[in-house]
Amino acid sequence: MIQGLGIDIIEVERIATRIAAESGFRELVFSESEILYCEAKTNKYEHYAARFAAKEAFLKALGSGWTNNIYFNEIEITNNKSGKPELTLKGKTKELLESLSPTINSVSLSHLKSIATAIVIIESK
């Protein structure tokens, strides 16, 4: 049963500007493996923006929005062997959300030079 659906869209330049201008923003929002992944890409800010959109979409799917107990860098977007994006929770964010027993069924990312978008569907077990 679908527990939540979230979608987000963001301008790539907005993320690029924040990463360039604010010391620590990248580490606050993205996990170490996300940073390594994005930094290895030619158009790295498109990949950062898509991951940021997925984190926002996840929070919308939860229906709670961002709270002080959820850390963006503990919501991690990775790719499986075939390249499909997957969402993994870590640390305190994982502990906080375990009581809700969500199963992340689908994460979809898309990006162009100027915009990135993501959709997240959460189903209950």
# chains A, B, ... in the order shown; residues from 1 in each chain; ligands from 1
call {"tool": "residues_around", "arguments": {"residues": "range 83-100 of chain A", "least_positions_apart": "3", "cutoff": "8 Å", "atoms": "only C-alpha atoms", "output": "short mmCIF file (atom, residue, chain, number, x, y, z; two decimals) with N, CA and C atoms, in the first residue's frame"}}
result
data_model
loop_
_atom_site.label_atom_id
_atom_site.label_comp_id
_atom_site.auth_asym_id
_atom_site.auth_seq_id
_atom_site.Cartn_x
_atom_site.Cartn_y
_atom_site.Cartn_z
N ASN A 69 15.44 16.51 13.55
CA ASN A 69 15.89 15.15 13.85
C ASN A 69 16.27 14.35 12.61
N ILE A 70 16.09 14.93 11.44
CA ILE A 70 16.45 14.27 10.19
C ILE A 70 17.63 15.01 9.58
N TYR A 71 18.66 14.27 9.21
CA TYR A 71 19.86 14.86 8.63
C TYR A 71 19.94 14.53 7.15
N GLU A 74 22.27 11.89 5.91
CA GLU A 74 21.94 10.52 6.29
C GLU A 74 20.83 9.93 5.42
N ILE A 75 20.35 10.71 4.47
CA ILE A 75 19.45 10.22 3.42
C ILE A 75 20.35 10.10 2.19
N GLU A 76 20.72 8.89 1.85
CA GLU A 76 21.74 8.68 0.83
C GLU A 76 21.16 8.08 -0.44
N ILE A 77 21.53 8.67 -1.57
CA ILE A 77 21.13 8.16 -2.88
C ILE A 77 22.34 7.50 -3.50
N THR A 78 22.21 6.22 -3.78
CA THR A 78 23.27 5.46 -4.44
C THR A 78 22.69 4.85 -5.71
N ASN A 79 23.53 4.19 -6.46
CA ASN A 79 23.09 3.48 -7.65
C ASN A 79 23.45 2.02 -7.51
N ASN A 80 22.51 1.12 -7.87
CA ASN A 80 22.84 -0.30 -7.83
C ASN A 80 23.70 -0.66 -9.04
N ILE A 104 11.19 1.76 0.87
CA ILE A 104 11.35 2.64 -0.28
C ILE A 104 11.24 1.79 -1.53
N SER A 106 10.48 3.05 -4.85
CA SER A 106 10.95 3.65 -6.09
C SER A 106 11.57 5.01 -5.85
N VAL A 107 12.69 5.23 -6.53
CA VAL A 107 13.35 6.52 -6.58
C VAL A 107 13.69 6.74 -8.04
N SER A 108 13.29 7.88 -8.56
CA SER A 108 13.61 8.20 -9.95
C SER A 108 14.23 9.59 -9.99
N LEU A 109 15.37 9.70 -10.67
CA LEU A 109 16.08 10.96 -10.80
C LEU A 109 16.13 11.35 -12.27
#
call {"tool": "residues_around", "arguments": {"residues": "Asn105 in chain A", "least_positions_apart": "6", "cutoff": "10 Å", "atoms": "only C-alpha atoms", "output": "count of residues only"}}
result
8
call {"tool": "select_by_dssp", "arguments": {"residues": "range 36-114 of chain A", "states": "strand (DSSP E or B)", "output": "mmCIF file with N, CA and C atoms, in the first residue's frame"}}
result
data_model
loop_
_atom_site.group_PDB
_atom_site.id
_atom_site.type_symbol
_atom_site.label_atom_id
_atom_site.label_comp_id
_atom_site.auth_asym_id
_atom_site.auth_seq_id
_atom_site.Cartn_x
_atom_site.Cartn_y
_atom_site.Cartn_z
ATOM 1 N N ILE A 75 20.351 10.712 4.466
ATOM 2 C CA ILE A 75 19.451 10.219 3.418
ATOM 3 C C ILE A 75 20.349 10.097 2.187
ATOM 4 N N GLU A 76 20.718 8.886 1.849
ATOM 5 C CA GLU A 76 21.742 8.680 0.829
ATOM 6 C C GLU A 76 21.157 8.078 -0.444
ATOM 7 N N ILE A 77 21.526 8.674 -1.574
ATOM 8 C CA ILE A 77 21.128 8.158 -2.880
ATOM 9 C C ILE A 77 22.342 7.497 -3.501
ATOM 10 N N THR A 78 22.210 6.220 -3.778
ATOM 11 C CA THR A 78 23.269 5.465 -4.441
ATOM 12 C C THR A 78 22.688 4.845 -5.715
ATOM 13 N N ASN A 79 23.534 4.193 -6.457
ATOM 14 C CA ASN A 79 23.087 3.485 -7.651
ATOM 15 C C ASN A 79 23.455 2.019 -7.513
ATOM 16 N N PRO A 85 18.811 4.216 -9.268
ATOM 17 C CA PRO A 85 19.013 4.900 -7.989
ATOM 18 C C PRO A 85 18.257 4.209 -6.859
ATOM 19 N N GLU A 86 18.883 4.236 -5.691
ATOM 20 C CA GLU A 86 18.287 3.654 -4.494
ATOM 21 C C GLU A 86 18.472 4.621 -3.346
ATOM 22 N N LEU A 87 17.538 4.621 -2.411
ATOM 23 C CA LEU A 87 17.592 5.495 -1.253
ATOM 24 C C LEU A 87 17.856 4.658 -0.015
ATOM 25 N N THR A 88 18.860 5.050 0.749
ATOM 26 C CA THR A 88 19.230 4.354 1.974
ATOM 27 C C THR A 88 19.273 5.360 3.114
ATOM 28 N N LEU A 89 18.753 4.975 4.259
ATOM 29 C CA LEU A 89 18.818 5.820 5.443
ATOM 30 C C LEU A 89 19.939 5.347 6.341
ATOM 31 N N PRO A 102 8.865 2.111 6.869
ATOM 32 C CA PRO A 102 8.664 2.338 5.441
ATOM 33 C C PRO A 102 9.569 1.454 4.593
ATOM 34 N N THR A 103 9.087 1.111 3.422
ATOM 35 C CA THR A 103 9.907 0.449 2.427
ATOM 36 C C THR A 103 10.002 1.412 1.250
ATOM 37 N N ILE A 104 11.186 1.758 0.866
ATOM 38 C CA ILE A 104 11.354 2.643 -0.280
ATOM 39 C C ILE A 104 11.242 1.788 -1.526
ATOM 40 N N ASN A 105 10.196 1.983 -2.266
ATOM 41 C CA ASN A 105 9.991 1.169 -3.451
ATOM 42 C C ASN A 105 10.595 1.767 -4.696
ATOM 43 N N SER A 106 10.483 3.046 -4.846
ATOM 44 C CA SER A 106 10.947 3.652 -6.086
ATOM 45 C C SER A 106 11.573 5.010 -5.849
ATOM 46 N N VAL A 107 12.691 5.225 -6.528
ATOM 47 C CA VAL A 107 13.351 6.521 -6.582
ATOM 48 C C VAL A 107 13.686 6.744 -8.037
ATOM 49 N N SER A 108 13.288 7.879 -8.562
ATOM 50 C CA SER A 108 13.615 8.199 -9.948
ATOM 51 C C SER A 108 14.227 9.588 -9.990
ATOM 52 N N LEU A 109 15.370 9.697 -10.667
ATOM 53 C CA LEU A 109 16.081 10.963 -10.802
ATOM 54 C C LEU A 109 16.133 11.350 -12.271
ATOM 55 N N SER A 110 16.101 12.642 -12.526
ATOM 56 C CA SER A 110 16.276 13.135 -13.880
ATOM 57 C C SER A 110 16.920 14.511 -13.801
ATOM 58 N N HIS A 111 17.805 14.786 -14.744
ATOM 59 C CA HIS A 111 18.420 16.113 -14.745
ATOM 60 C C HIS A 111 18.823 16.538 -16.142
#
call {"tool": "closest_atom_pairs", "arguments": {"of": "range 14-39 of chain A", "to": "range 47-63 of chain A", "cutoff": "10 Å", "atoms": "only C-alpha atoms", "output": "JSON lines"}}
result
{"residue": "A:Arg14", "atom": "CA", "partner": "A:Ala49", "partner_atom": "CA", "distance": 8.4}
{"residue": "A:Ile15", "atom": "CA", "partner": "A:Ala49", "partner_atom": "CA", "distance": 5.9}
{"residue": "A:Ala16", "atom": "CA", "partner": "A:Ala49", "partner_atom": "CA", "distance": 8.1}
{"residue": "A:Ile19", "atom": "CA", "partner": "A:Tyr48", "partner_atom": "CA", "distance": 9.4}
{"residue": "A:Arg26", "atom": "CA", "partner": "A:Tyr48", "partner_atom": "CA", "distance": 8.9}
{"residue": "A:Val29", "atom": "CA", "partner": "A:Phe52", "partner_atom": "CA", "distance": 7.6}
{"residue": "A:Phe30", "atom": "CA", "partner": "A:Phe52", "partner_atom": "CA", "distance": 8.0}
{"residue": "A:Glu34", "atom": "CA", "partner": "A:Tyr48", "partner_atom": "CA", "distance": 8.0}
{"residue": "A:Ile35", "atom": "CA", "partner": "A:Tyr48", "partner_atom": "CA", "distance": 8.0}
{"residue": "A:Tyr37", "atom": "CA", "partner": "A:His47", "partner_atom": "CA", "distance": 8.4}
{"residue": "A:Cys38", "atom": "CA", "partner": "A:His47", "partner_atom": "CA", "distance": 5.7}
{"residue": "A:Glu39", "atom": "CA", "partner": "A:Tyr48", "partner_atom": "CA", "distance": 8.8}
call {"tool": "select_by_dssp", "arguments": {"residues": "range 24-121 of chain A", "states": "alpha helix (DSSP H)", "output": "short mmCIF file (atom, residue, chain, number, x, y, z; two decimals) with C-alpha atoms, in the first residue's frame"}}
result
data_model
loop_
_atom_site.label_atom_id
_atom_site.label_comp_id
_atom_site.auth_asym_id
_atom_site.auth_seq_id
_atom_site.Cartn_x
_atom_site.Cartn_y
_atom_site.Cartn_z
CA PHE A 25 27.10 22.95 2.80
CA ARG A 26 28.15 19.98 0.66
CA GLU A 27 29.09 17.87 3.70
CA LEU A 28 25.95 18.89 5.58
CA VAL A 29 23.65 17.79 2.74
CA GLU A 32 30.68 10.92 1.68
CA SER A 33 29.81 8.37 -1.01
CA GLU A 34 27.45 10.84 -2.73
CA ILE A 35 30.23 13.44 -2.80
CA LEU A 36 32.69 10.95 -4.28
CA TYR A 37 30.12 9.92 -6.91
CA CYS A 38 29.20 13.47 -7.92
CA GLU A 39 32.76 14.79 -7.93
CA LYS A 44 28.78 17.15 -11.14
CA TYR A 45 26.29 19.82 -10.13
CA GLU A 46 23.51 18.11 -12.10
CA HIS A 47 24.14 14.96 -10.04
CA TYR A 48 24.26 16.91 -6.77
CA ALA A 49 21.00 18.66 -7.67
CA ALA A 50 19.24 15.38 -8.55
CA ARG A 51 20.27 13.89 -5.22
CA PHE A 52 19.14 17.00 -3.36
CA ALA A 53 15.76 16.77 -5.13
CA ALA A 54 15.47 13.10 -4.11
CA LYS A 55 16.07 13.96 -0.46
CA GLU A 56 13.39 16.66 -0.62
CA ALA A 57 11.02 14.27 -2.43
CA PHE A 58 11.61 11.66 0.28
CA LEU A 59 10.68 14.13 3.02
CA LYS A 60 7.55 15.08 1.11
CA ALA A 61 6.64 11.40 0.72
CA LEU A 62 6.98 11.00 4.49
CA GLY A 91 22.49 6.97 11.45
CA LYS A 92 20.01 8.87 13.60
CA THR A 93 17.71 9.42 10.62
CA LYS A 94 17.44 5.65 10.10
CA GLU A 95 16.74 5.11 13.81
CA LEU A 96 14.07 7.83 13.82
CA LEU A 97 12.25 6.44 10.79
CA GLU A 98 12.51 2.71 11.64
#
call {"tool": "atom_distance", "arguments": {"atom1": "CA of Asp8 in chain A", "atom2": "CA of Ser31 in chain A"}}
result
19.3 Å
call {"tool": "closest_residue", "arguments": {"among": "A:Ala20, A:Ala40, A:Ile7, A:Met1", "to": "Thr117 in chain A", "atoms": "only C-alpha atoms"}}
result
A:Ile7
call {"tool": "atom_distance", "arguments": {"atom1": "CA of Ala116 in chain A", "atom2": "CA of Phe72 in chain A"}}
result
17.2 Å
